[in-house]
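Peer 1: My structure file start30.csv, CSV, C-alpha atoms, is below:
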```
chain,number,residue,atom,x,y,z
A,236,MET,CA,-28.3,-85.6,7.9
A,237,SER,CA,-30.4,-88.6,8.4
A,238,GLU,CA,-34.1,-88.6,9.4
A,239,GLU,CA,-33.3,-89.7,13.0
A,240,GLU,CA,-30.6,-87.0,13.4
A,241,VAL,CA,-33.0,-84.3,12.3
A,242,LEU,CA,-35.6,-85.5,14.8
A,243,ARG,CA,-33.1,-85.8,17.6
A,244,GLU,CA,-31.8,-82.2,17.1
A,245,LEU,CA,-35.4,-80.9,17.0
A,246,LYS,CA,-36.1,-82.7,20.2
A,247,GLU,CA,-33.0,-81.4,21.8
A,248,ALA,CA,-33.9,-77.8,20.8
A,249,PHE,CA,-37.7,-77.9,21.7
A,250,GLY,CA,-38.0,-80.9,24.0
A,251,GLU,CA,-41.5,-81.8,25.2
A,252,ARG,CA,-43.1,-79.0,23.2
A,253,ILE,CA,-43.1,-81.1,20.1
A,254,LEU,CA,-46.5,-82.8,20.3
A,255,GLU,CA,-46.2,-85.6,17.8
A,256,HIS,CA,-43.6,-86.8,15.3
A,257,LYS,CA,-43.5,-89.3,12.5
A,258,VAL,CA,-40.5,-90.4,10.5
A,259,GLN,CA,-40.6,-91.9,7.0
A,260,LYS,CA,-38.0,-92.4,4.4
A,261,MET,CA,-36.8,-88.9,3.4
A,262,ARG,CA,-39.6,-87.3,5.5
A,263,VAL,CA,-39.8,-86.0,9.0
A,264,TYR,CA,-43.1,-84.7,10.4
A,265,VAL,CA,-43.3,-82.7,13.6
A,266,LYS,CA,-46.5,-81.4,15.1
A,267,VAL,CA,-46.1,-78.3,17.2
A,268,PRO,CA,-48.4,-75.9,19.0
A,269,ASN,CA,-49.4,-72.7,17.3
A,270,ASP,CA,-46.9,-70.4,19.0
A,271,LEU,CA,-44.0,-72.7,18.3
A,272,TYR,CA,-44.7,-73.0,14.5
A,273,ARG,CA,-42.7,-69.9,13.6
A,274,GLU,CA,-40.0,-70.7,16.2
A,275,VAL,CA,-39.3,-74.1,14.7
A,276,ILE,CA,-39.0,-72.7,11.2
A,277,LYS,CA,-36.8,-69.9,12.5
A,278,TYR,CA,-34.6,-72.5,14.1
A,279,LEU,CA,-34.4,-74.6,10.9
A,280,VAL,CA,-33.6,-71.5,8.8
A,281,LEU,CA,-31.2,-69.6,11.0
A,282,SER,CA,-29.4,-72.4,12.9
A,283,LYS,CA,-29.6,-75.3,10.5
A,284,GLY,CA,-29.5,-73.4,7.2
A,285,ILE,CA,-32.5,-75.3,5.9
A,286,TYR,CA,-34.2,-72.4,4.1
A,287,HIS,CA,-35.7,-74.0,1.0
A,288,LEU,CA,-39.4,-74.0,1.4
A,289,GLU,CA,-41.1,-76.6,-0.9
A,290,THR,CA,-44.7,-75.5,-0.2
A,291,ILE,CA,-47.1,-74.7,2.6
A,292,THR,CA,-50.3,-76.9,2.5
A,293,GLY,CA,-53.5,-76.3,4.3
A,294,MET,CA,-56.4,-78.6,5.1
A,295,GLU,CA,-59.5,-78.5,7.3
A,296,VAL,CA,-59.4,-81.3,9.9
A,297,LYS,CA,-61.7,-82.3,12.8
A,298,ASP,CA,-60.6,-79.7,15.3
A,299,GLY,CA,-59.4,-76.9,13.1
A,300,VAL,CA,-57.4,-75.9,10.1
A,301,GLU,CA,-54.1,-77.7,9.8
A,302,ILE,CA,-51.2,-76.1,8.0
A,303,MET,CA,-48.0,-77.7,7.1
A,304,ALA,CA,-44.8,-76.1,6.0
A,305,HIS,CA,-42.5,-78.4,4.1
A,306,LEU,CA,-38.8,-77.4,4.2
A,307,GLY,CA,-35.6,-78.9,2.9
A,308,THR,CA,-34.1,-80.3,-0.2
A,309,GLY,CA,-34.1,-84.1,-0.6
A,310,LEU,CA,-35.0,-84.8,3.1
A,311,SER,CA,-38.1,-82.8,3.8
A,312,ILE,CA,-39.1,-81.6,7.2
A,313,SER,CA,-42.8,-80.9,7.6
A,314,VAL,CA,-43.8,-78.6,10.4
A,315,ARG,CA,-47.5,-79.0,11.0
A,316,THR,CA,-49.8,-77.2,13.4
A,317,THR,CA,-53.6,-77.1,13.9
A,318,ILE,CA,-55.3,-73.8,14.3
A,319,GLY,CA,-58.7,-73.3,15.8
A,320,LYS,CA,-61.6,-72.8,13.4
A,321,GLU,CA,-62.9,-69.7,15.0
A,322,GLU,CA,-60.6,-66.8,14.0
A,323,PRO,CA,-57.8,-68.9,12.7
A,324,LYS,CA,-54.6,-66.9,13.1
A,325,ILE,CA,-50.9,-67.8,12.9
A,326,ALA,CA,-47.6,-65.8,12.6
A,327,SER,CA,-46.3,-65.3,9.1
A,328,ILE,CA,-42.9,-66.7,8.1
A,329,CYS,CA,-42.4,-64.3,5.2
A,330,ASP,CA,-39.7,-62.4,6.9
A,331,LEU,CA,-37.7,-65.6,7.3
A,332,ILE,CA,-38.5,-67.1,3.9
A,333,PRO,CA,-39.8,-64.5,1.4
A,334,GLY,CA,-41.0,-67.2,-0.9
A,335,ALA,CA,-43.7,-68.1,1.6
A,336,GLU,CA,-45.7,-65.0,0.6
A,337,PHE,CA,-47.7,-66.6,-2.2
A,338,TYR,CA,-48.4,-69.8,-0.3
A,339,GLU,CA,-49.8,-67.9,2.7
A,340,ARG,CA,-51.9,-65.7,0.4
A,341,GLU,CA,-53.4,-68.8,-1.2
A,342,ILE,CA,-54.2,-70.4,2.1
A,343,HIS,CA,-55.8,-67.2,3.3
A,344,ASP,CA,-58.0,-67.2,0.2
A,345,LEU,CA,-59.1,-70.8,0.3
A,346,LEU,CA,-59.2,-71.6,4.0
A,347,GLY,CA,-59.4,-68.2,5.7
A,348,VAL,CA,-56.3,-68.5,7.9
A,349,VAL,CA,-55.0,-65.0,8.8
A,350,PHE,CA,-51.2,-64.7,8.7
A,351,GLU,CA,-50.2,-62.0,11.1
A,352,ALA,CA,-47.6,-59.5,9.9
A,353,HIS,CA,-47.9,-60.6,6.3
A,354,PRO,CA,-46.2,-58.0,4.0
A,355,ASN,CA,-48.8,-58.1,1.3
A,356,PRO,CA,-52.1,-59.8,2.3
A,357,LYS,CA,-54.0,-59.4,-0.9
A,358,ARG,CA,-56.2,-61.8,-2.8
A,359,LEU,CA,-54.3,-64.3,-5.0
A,360,VAL,CA,-56.3,-67.1,-6.5
A,361,LEU,CA,-60.0,-66.2,-6.1
A,362,SER,CA,-61.8,-64.0,-8.7
A,363,ASP,CA,-62.4,-60.3,-8.2
A,364,ASP,CA,-66.2,-60.7,-7.7
A,365,TRP,CA,-65.8,-63.3,-5.0
A,366,PRO,CA,-67.3,-62.1,-1.7
A,367,GLU,CA,-65.1,-61.5,1.4
A,368,GLY,CA,-65.3,-64.1,4.2
A,369,VAL,CA,-66.3,-67.0,2.0
A,370,TYR,CA,-63.7,-69.7,1.9
A,371,PRO,CA,-64.3,-72.4,-0.7
A,372,LEU,CA,-62.1,-75.2,0.7
A,373,ARG,CA,-63.8,-75.1,4.1
A,374,LYS,CA,-66.0,-78.1,4.9
A,375,SER,CA,-68.9,-75.8,5.7
A,376,PHE,CA,-68.8,-74.5,2.1
A,377,GLU,CA,-71.7,-75.7,-0.1
A,378,THR,CA,-70.4,-76.3,-3.6
A,379,LYS,CA,-73.5,-75.3,-5.6
A,380,HIS,CA,-74.9,-71.8,-5.7
A,381,ASN,CA,-73.4,-70.6,-2.4
A,382,VAL,CA,-71.9,-67.8,-4.4
A,383,PRO,CA,-74.3,-66.9,-7.2
A,384,LEU,CA,-73.0,-66.8,-10.8
A,385,ARG,CA,-73.7,-63.5,-12.6
A,386,GLU,CA,-76.1,-63.4,-15.5
A,387,GLY,CA,-76.6,-61.2,-18.5
A,388,PHE,CA,-74.3,-59.1,-20.5
A,389,ASP,CA,-73.5,-56.3,-18.1
B,54,MET,CA,-76.1,-68.7,-51.6
B,55,GLY,CA,-75.2,-65.0,-51.8
B,56,LEU,CA,-71.8,-63.9,-53.0
B,57,ILE,CA,-70.9,-62.5,-49.6
B,58,SER,CA,-71.7,-65.5,-47.6
B,59,TRP,CA,-70.0,-67.7,-50.2
B,60,ALA,CA,-66.8,-65.6,-49.8
B,61,ARG,CA,-67.2,-65.7,-46.1
B,62,SER,CA,-67.4,-69.5,-46.0
B,63,LYS,CA,-64.2,-69.7,-48.0
B,64,SER,CA,-62.1,-67.6,-45.7
B,65,PRO,CA,-63.0,-68.1,-42.0
B,66,TRP,CA,-60.5,-66.3,-40.0
B,67,ILE,CA,-60.0,-67.7,-36.5
B,68,ALA,CA,-59.2,-66.3,-33.1
B,69,HIS,CA,-58.4,-68.6,-30.3
B,70,PHE,CA,-59.3,-67.8,-26.7
B,71,CYS,CA,-58.4,-70.0,-23.7
B,72,THR,CA,-60.8,-69.4,-20.8
B,73,GLY,CA,-58.9,-71.6,-18.3
B,74,SER,CA,-58.3,-74.9,-20.1
B,75,CYS,CA,-55.6,-77.4,-19.3
B,76,ASN,CA,-54.0,-76.5,-22.7
B,77,ALA,CA,-54.7,-79.9,-24.3
B,78,CYS,CA,-57.4,-78.5,-26.5
B,79,ASP,CA,-55.2,-75.5,-27.4
B,80,ILE,CA,-52.5,-77.9,-28.5
B,81,GLU,CA,-55.0,-79.8,-30.7
B,82,ILE,CA,-56.1,-76.5,-32.3
B,83,LEU,CA,-52.4,-75.7,-33.0
B,84,ALA,CA,-52.0,-79.2,-34.4
B,85,CYS,CA,-54.9,-78.4,-36.8
B,86,LEU,CA,-52.9,-75.5,-38.2
B,87,THR,CA,-49.7,-77.4,-38.8
B,88,PRO,CA,-49.0,-79.1,-42.1
B,89,ARG,CA,-50.3,-82.5,-41.0
B,90,TYR,CA,-53.9,-81.4,-40.7
B,91,ASP,CA,-53.5,-78.0,-42.3
B,92,ILE,CA,-56.9,-76.3,-42.0
B,93,GLU,CA,-55.5,-73.4,-44.0
B,94,ARG,CA,-56.5,-75.4,-47.1
B,95,PHE,CA,-60.1,-74.3,-46.1
B,96,GLY,CA,-59.0,-70.7,-45.9
B,97,ALA,CA,-58.8,-70.7,-42.1
B,98,VAL,CA,-56.1,-68.5,-40.7
B,99,LEU,CA,-55.3,-68.0,-37.1
B,100,LYS,CA,-55.4,-64.3,-36.4
B,101,GLY,CA,-53.7,-62.5,-33.5
B,102,SER,CA,-56.4,-59.9,-33.1
B,103,ILE,CA,-60.0,-60.7,-32.4
B,104,ARG,CA,-61.0,-57.6,-34.5
B,105,HIS,CA,-59.8,-59.4,-37.6
B,106,ALA,CA,-61.6,-62.7,-36.8
B,107,ASP,CA,-64.9,-64.3,-37.9
B,108,ILE,CA,-64.8,-67.3,-35.7
B,109,LEU,CA,-63.9,-67.4,-32.0
B,110,LEU,CA,-62.6,-70.7,-30.8
B,111,VAL,CA,-63.1,-71.0,-27.0
B,112,THR,CA,-61.4,-73.7,-25.0
B,113,GLY,CA,-61.7,-74.6,-21.4
B,114,PRO,CA,-64.3,-74.0,-18.6
B,115,VAL,CA,-65.2,-70.3,-18.2
B,116,THR,CA,-63.8,-69.3,-14.8
B,117,ARG,CA,-65.2,-66.5,-12.8
B,118,GLN,CA,-62.2,-64.3,-13.4
B,119,VAL,CA,-62.2,-64.7,-17.1
B,120,ARG,CA,-65.9,-64.1,-17.6
B,121,ASP,CA,-65.6,-60.4,-18.1
B,122,ARG,CA,-62.6,-60.8,-20.4
B,123,LEU,CA,-64.5,-63.3,-22.6
B,124,LEU,CA,-67.5,-60.8,-22.9
B,125,ARG,CA,-65.1,-58.1,-23.8
B,126,VAL,CA,-63.4,-60.2,-26.5
B,127,TYR,CA,-66.8,-61.2,-27.8
B,128,GLU,CA,-68.0,-57.6,-28.0
B,129,GLN,CA,-64.9,-56.6,-29.9
B,130,MET,CA,-65.6,-59.1,-32.7
B,131,PRO,CA,-67.0,-57.6,-35.9
B,132,GLU,CA,-70.4,-58.9,-37.1
B,133,PRO,CA,-71.3,-61.5,-38.2
B,134,LYS,CA,-69.6,-63.5,-35.4
B,135,TYR,CA,-69.5,-67.2,-34.7
B,136,VAL,CA,-68.4,-68.8,-31.5
B,137,VAL,CA,-67.3,-72.4,-31.4
B,138,ALA,CA,-67.0,-74.2,-28.0
B,139,VAL,CA,-64.0,-76.5,-28.5
B,140,GLY,CA,-63.8,-79.5,-26.1
B,141,THR,CA,-65.9,-80.9,-23.3
B,142,CYS,CA,-64.9,-78.2,-20.8
B,143,ALA,CA,-66.1,-75.4,-23.1
B,144,THR,CA,-69.4,-77.1,-23.9
B,145,SER,CA,-70.4,-78.1,-20.4
B,146,SER,CA,-67.5,-77.4,-18.0
B,147,GLY,CA,-66.9,-81.2,-18.0
B,148,VAL,CA,-65.5,-82.5,-14.7
B,149,TYR,CA,-65.4,-78.9,-13.3
B,150,ARG,CA,-69.2,-78.5,-13.5
B,151,GLY,CA,-70.6,-77.3,-10.2
B,152,ALA,CA,-67.2,-76.2,-8.8
B,153,TYR,CA,-67.0,-72.9,-7.0
B,154,ASN,CA,-65.0,-71.1,-9.6
B,155,VAL,CA,-66.4,-72.0,-13.0
B,156,TYR,CA,-69.5,-71.2,-15.1
B,157,PRO,CA,-71.4,-74.2,-16.6
B,158,GLY,CA,-70.2,-73.8,-20.1
B,159,VAL,CA,-69.4,-71.0,-22.6
B,160,ASP,CA,-73.1,-70.8,-23.6
B,161,SER,CA,-74.0,-69.5,-20.1
B,162,VAL,CA,-72.0,-66.4,-20.9
B,163,ILE,CA,-72.1,-65.8,-24.7
B,164,PRO,CA,-74.2,-67.3,-27.5
B,165,VAL,CA,-72.5,-70.3,-29.0
B,166,THR,CA,-72.9,-71.4,-32.7
B,167,ALA,CA,-71.2,-74.8,-32.7
B,168,TYR,CA,-70.0,-77.3,-30.1
B,169,ILE,CA,-67.1,-79.7,-30.7
B,170,SER,CA,-66.8,-82.4,-28.0
B,171,GLY,CA,-63.8,-84.4,-26.9
B,172,CYS,CA,-61.3,-84.4,-24.1
B,173,PRO,CA,-59.1,-83.3,-25.7
B,174,VAL,CA,-60.8,-82.8,-29.1
B,175,LYS,CA,-59.2,-84.6,-32.0
B,176,PRO,CA,-58.0,-82.5,-34.8
B,177,GLU,CA,-60.3,-84.4,-37.1
B,178,ASN,CA,-63.2,-83.3,-34.9
B,179,ILE,CA,-62.2,-79.7,-35.1
B,180,ILE,CA,-61.9,-79.9,-38.9
B,181,ASN,CA,-65.3,-81.6,-39.1
B,182,GLY,CA,-66.9,-79.0,-36.8
B,183,LEU,CA,-65.4,-76.1,-38.7
B,184,SER,CA,-66.2,-77.4,-42.1
B,185,THR,CA,-69.8,-78.0,-41.0
B,186,LEU,CA,-70.0,-74.4,-39.7
B,187,MET,CA,-68.5,-73.1,-42.9
B,188,LYS,CA,-71.1,-75.0,-44.9
B,189,LYS,CA,-73.8,-73.4,-42.8
B,190,ILE,CA,-72.3,-70.0,-43.3
B,191,GLY,CA,-72.2,-70.5,-47.0
B,192,GLU,CA,-75.9,-71.5,-47.0
B,193,SER,CA,-77.0,-68.4,-45.1
B,194,LYS,CA,-78.3,-65.4,-47.0
```
Go ahead and express the file in the form of structure tokens.
Peer 2:
Amino acid sequence: MSEEEVLRELKEAFGERILEHKVQKMRVYVKVPNDLYREVIKYLVLSKGIYHLETITGMEVKDGVEIMAHLGTGLSISVRTTIGKEEPKIASICDLIPGAEFYEREIHDLLGVVFEAHPNPKRLVLSDDWPEGVYPLRKSFETKHNVPLREGFD
Amino acid sequence: MGLISWARSKSPWIAHFCTGSCNACDIEILACLTPRYDIERFGAVLKGSIRHADILLVTGPVTRQVRDRLLRVYEQMPEPKYVVAVGTCATSSGVYRGAYNVYPGVDSVIPVTAYISGCPVKPENIINGLSTLMKKIGESK
């Protein structure tokens, strides 16, 4: 399937609800509202058989936290959505793609996005002594001495 | 030079501990042990257990998670113990200094006897550092 065909089929399925789109060589980006994020991935997995998840990336942008799920082999389809900074919440896609579990746990650790109905929402990358509710990849995080280093030989 | 410290300086047994390095320094340490550099000619043997070792080679920036493990390994070493920080990351955290997940060098967690710099360290540097340390051990009472 070519890039234009993928975009046309997505537009046929979701119509105006796709907010933005961008096509590059071997890449298709679609920006969707929060409630459509899971639906678009469900459509790609169940109807189109595109079930290979490359990764999920997260980044803080001006008006929230943007997460992007990159699906597909060869031609990759990136489903992006921006979640509000206050109480960032999004539906988990672990039941569709079990491999998403680790990516979602990582994004929860580093950016504080809560994935609803995640099967195993434990800490993944941060250390055991890291306090709850401090997210190091947020722009509001001060690099130095925000979380004190422990001293002495306890 | 006492007999014991002379003997000690002739057979420094080494344990190697990676506290979160990129593995470049670890590979250089292994290169030291291979026939080309062969630090076994100084009596240095890489030991699997820290309880058999005299020298602890630490590579990489000390991450928050590995801090307690490093202390535990250090406490398990028999006296006298020597710690060598191998590489820029172990000496000062290098490019990771000030990041949210690392300590600023091995010496902020455990006492360090010798520092070997380089990113990654050259095997010649490791040999130089170890032989200097062995000389110091031999001179001690």
Peer 1: Which residues are near A:Tyr370? Cut-off 8 Å, all atoms listed in the file, ignore same chain within fewer than 3 positions. Put them as a PyMOL selection string.
Peer 2: chain A and resi 344-347+373+376
Peer 1: Counting all atoms listed in the file, collect the residues of chain B whose closest atom lies at most 8 Å from chain A, and write them out as number ranges by chain.
Peer 2: B: 117-118, 124, 151-154, 156, 161-162
Peer 1: To one decimal place in Å, what is the distance between atom CA of A:Lys357 and atom CA of A:Glu339?
Peer 2: 10.1 Å
Peer 1: So how far away is atom CA of A:Asp298 from atom CA of A:Ile276, in Å?
Peer 2: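 Calculated distance between atom CA of A:Ile276 and atom CA of A:Asp298 is 23.1 Å.
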Peer 1: Fewer than 6 positions away in the same chain doesn't count, so skip those; otherwise give me all residues within 9 Å of B:Ser64, counting all atoms listed in the file, as a tab-separated table (two decimals) with C-alpha atoms, keeping the file's coordinate frame.
Peer 2:
```tsv
chain	number	residue	atom	x	y	z
B	93	GLU	CA	-55.50	-73.40	-44.00
B	95	PHE	CA	-60.10	-74.30	-46.10
B	96	GLY	CA	-59.00	-70.70	-45.90
B	97	ALA	CA	-58.80	-70.70	-42.10
B	98	VAL	CA	-56.10	-68.50	-40.70
B	107	ASP	CA	-64.90	-64.30	-37.90
B	187	MET	CA	-68.50	-73.10	-42.90
```
Peer 1: Set the distance at 10 Å and use only C-alpha atoms: which residues neighbour B:Thr144 once local chain neighbours fewer than 6 positions away are removed? I'd like the list as a PDB file with C-alpha atoms, in the coordinates of the input.
Peer 2:
```pdb
ATOM      1  CA  VAL B 111     -63.100 -71.000 -27.000  1.00  0.00           C
ATOM      2  CA  THR B 112     -61.400 -73.700 -25.000  1.00  0.00           C
ATOM      3  CA  GLY B 113     -61.700 -74.600 -21.400  1.00  0.00           C
ATOM      4  CA  PRO B 114     -64.300 -74.000 -18.600  1.00  0.00           C
ATOM      5  CA  VAL B 115     -65.200 -70.300 -18.200  1.00  0.00           C
ATOM      6  CA  VAL B 137     -67.300 -72.400 -31.400  1.00  0.00           C
ATOM      7  CA  ALA B 138     -67.000 -74.200 -28.000  1.00  0.00           C
ATOM      8  CA  PRO B 157     -71.400 -74.200 -16.600  1.00  0.00           C
ATOM      9  CA  GLY B 158     -70.200 -73.800 -20.100  1.00  0.00           C
ATOM     10  CA  VAL B 159     -69.400 -71.000 -22.600  1.00  0.00           C
ATOM     11  CA  ASP B 160     -73.100 -70.800 -23.600  1.00  0.00           C
ATOM     12  CA  SER B 161     -74.000 -69.500 -20.100  1.00  0.00           C
ATOM     13  CA  VAL B 165     -72.500 -70.300 -29.000  1.00  0.00           C
ATOM     14  CA  ALA B 167     -71.200 -74.800 -32.700  1.00  0.00           C
ATOM     15  CA  TYR B 168     -70.000 -77.300 -30.100  1.00  0.00           C
ATOM     16  CA  ILE B 169     -67.100 -79.700 -30.700  1.00  0.00           C
ATOM     17  CA  SER B 170     -66.800 -82.400 -28.000  1.00  0.00           C
ATOM     18  CA  GLY B 171     -63.800 -84.400 -26.900  1.00  0.00           C
TER      19      GLY B 171
END
```
Peer 1: What does the distance between atom CA of A:Phe249 and atom CA of A:Pro268 come to in Å, to one decimal place?
Peer 2: 11.2 Å
Peer 1: What's the 10 Å shell around B:Ser102, counting only C-alpha atoms, without same-chain residues fewer than 6 positions away, as a list in words?
Peer 2: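 Those residues are Ile67, Ala68, His69, Val126, Gln129 and Met130 of chain B.
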Peer 1: What does the file look like for those residues with C-alpha atoms, as a PDB file, in the coordinates of the input?
Peer 2:
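Contents of selection28.pdb, freshly written:
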```pdb
ATOM      1  CA  ILE B  67     -60.000 -67.700 -36.500  1.00  0.00           C
ATOM      2  CA  ALA B  68     -59.200 -66.300 -33.100  1.00  0.00           C
ATOM      3  CA  HIS B  69     -58.400 -68.600 -30.300  1.00  0.00           C
ATOM      4  CA  VAL B 126     -63.400 -60.200 -26.500  1.00  0.00           C
ATOM      5  CA  GLN B 129     -64.900 -56.600 -29.900  1.00  0.00           C
ATOM      6  CA  MET B 130     -65.600 -59.100 -32.700  1.00  0.00           C
TER       7      MET B 130
END
```
Peer 1: Of the residues B:Ile92, B:Ile163, B:Leu183, B:Ala106, which is the one nearest to B:Glu132, using all atoms listed in the file?
Peer 2: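 So, comparing all the options, the nearest one is B:Ala106.
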Peer 1: Around the point (-41.7, -70.1, 13.8) (coordinates from the file), which residues reach within 12 Å if we count all atoms listed in the file? Answer as an NGL selection string.
Peer 2: :A and (249 or 267-281 or 303-304 or 314-316 or 325-332)
Peer 1: Point out the residue among A:His343, A:Arg358, A:Glu244, A:Phe337 with the least atom-to-atom distance to A:Thr290, counting all atoms listed in the file.
Peer 2: A:Phe337
Peer 1: Need the shell around B:Cys172: protein/DNA/RNA residues with any atom at most 9 Å away, counting only C-alpha atoms. Skip same-chain ones fewer than 3 positions apart. Format as a list in words?
Peer 2: Ala77, Cys78, Gly140, Thr141, Cys142, Gly147 and Lys175 of chain B
Peer 1: Which residue, B:Gly182, B:Tyr127, B:Thr87, B:Lys189, has the smallest gap to B:Pro164 when you use all atoms listed in the file?
Peer 2: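 Nearest candidate to B:Pro164 out of B:Gly182, B:Tyr127, B:Thr87, B:Lys189: B:Tyr127.
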Peer 1: Hey, can you pull every residue with an atom no more than 12 Å from (-27.2, -88.5, 7.0), using all atoms listed in the file, and send it as a list in words?
Peer 2: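 Output of the proximity query reads Met236, Ser237, Glu238, Glu239, Glu240, Val241, Leu242, Lys260, Met261, Gly309 and Leu310 of chain A.
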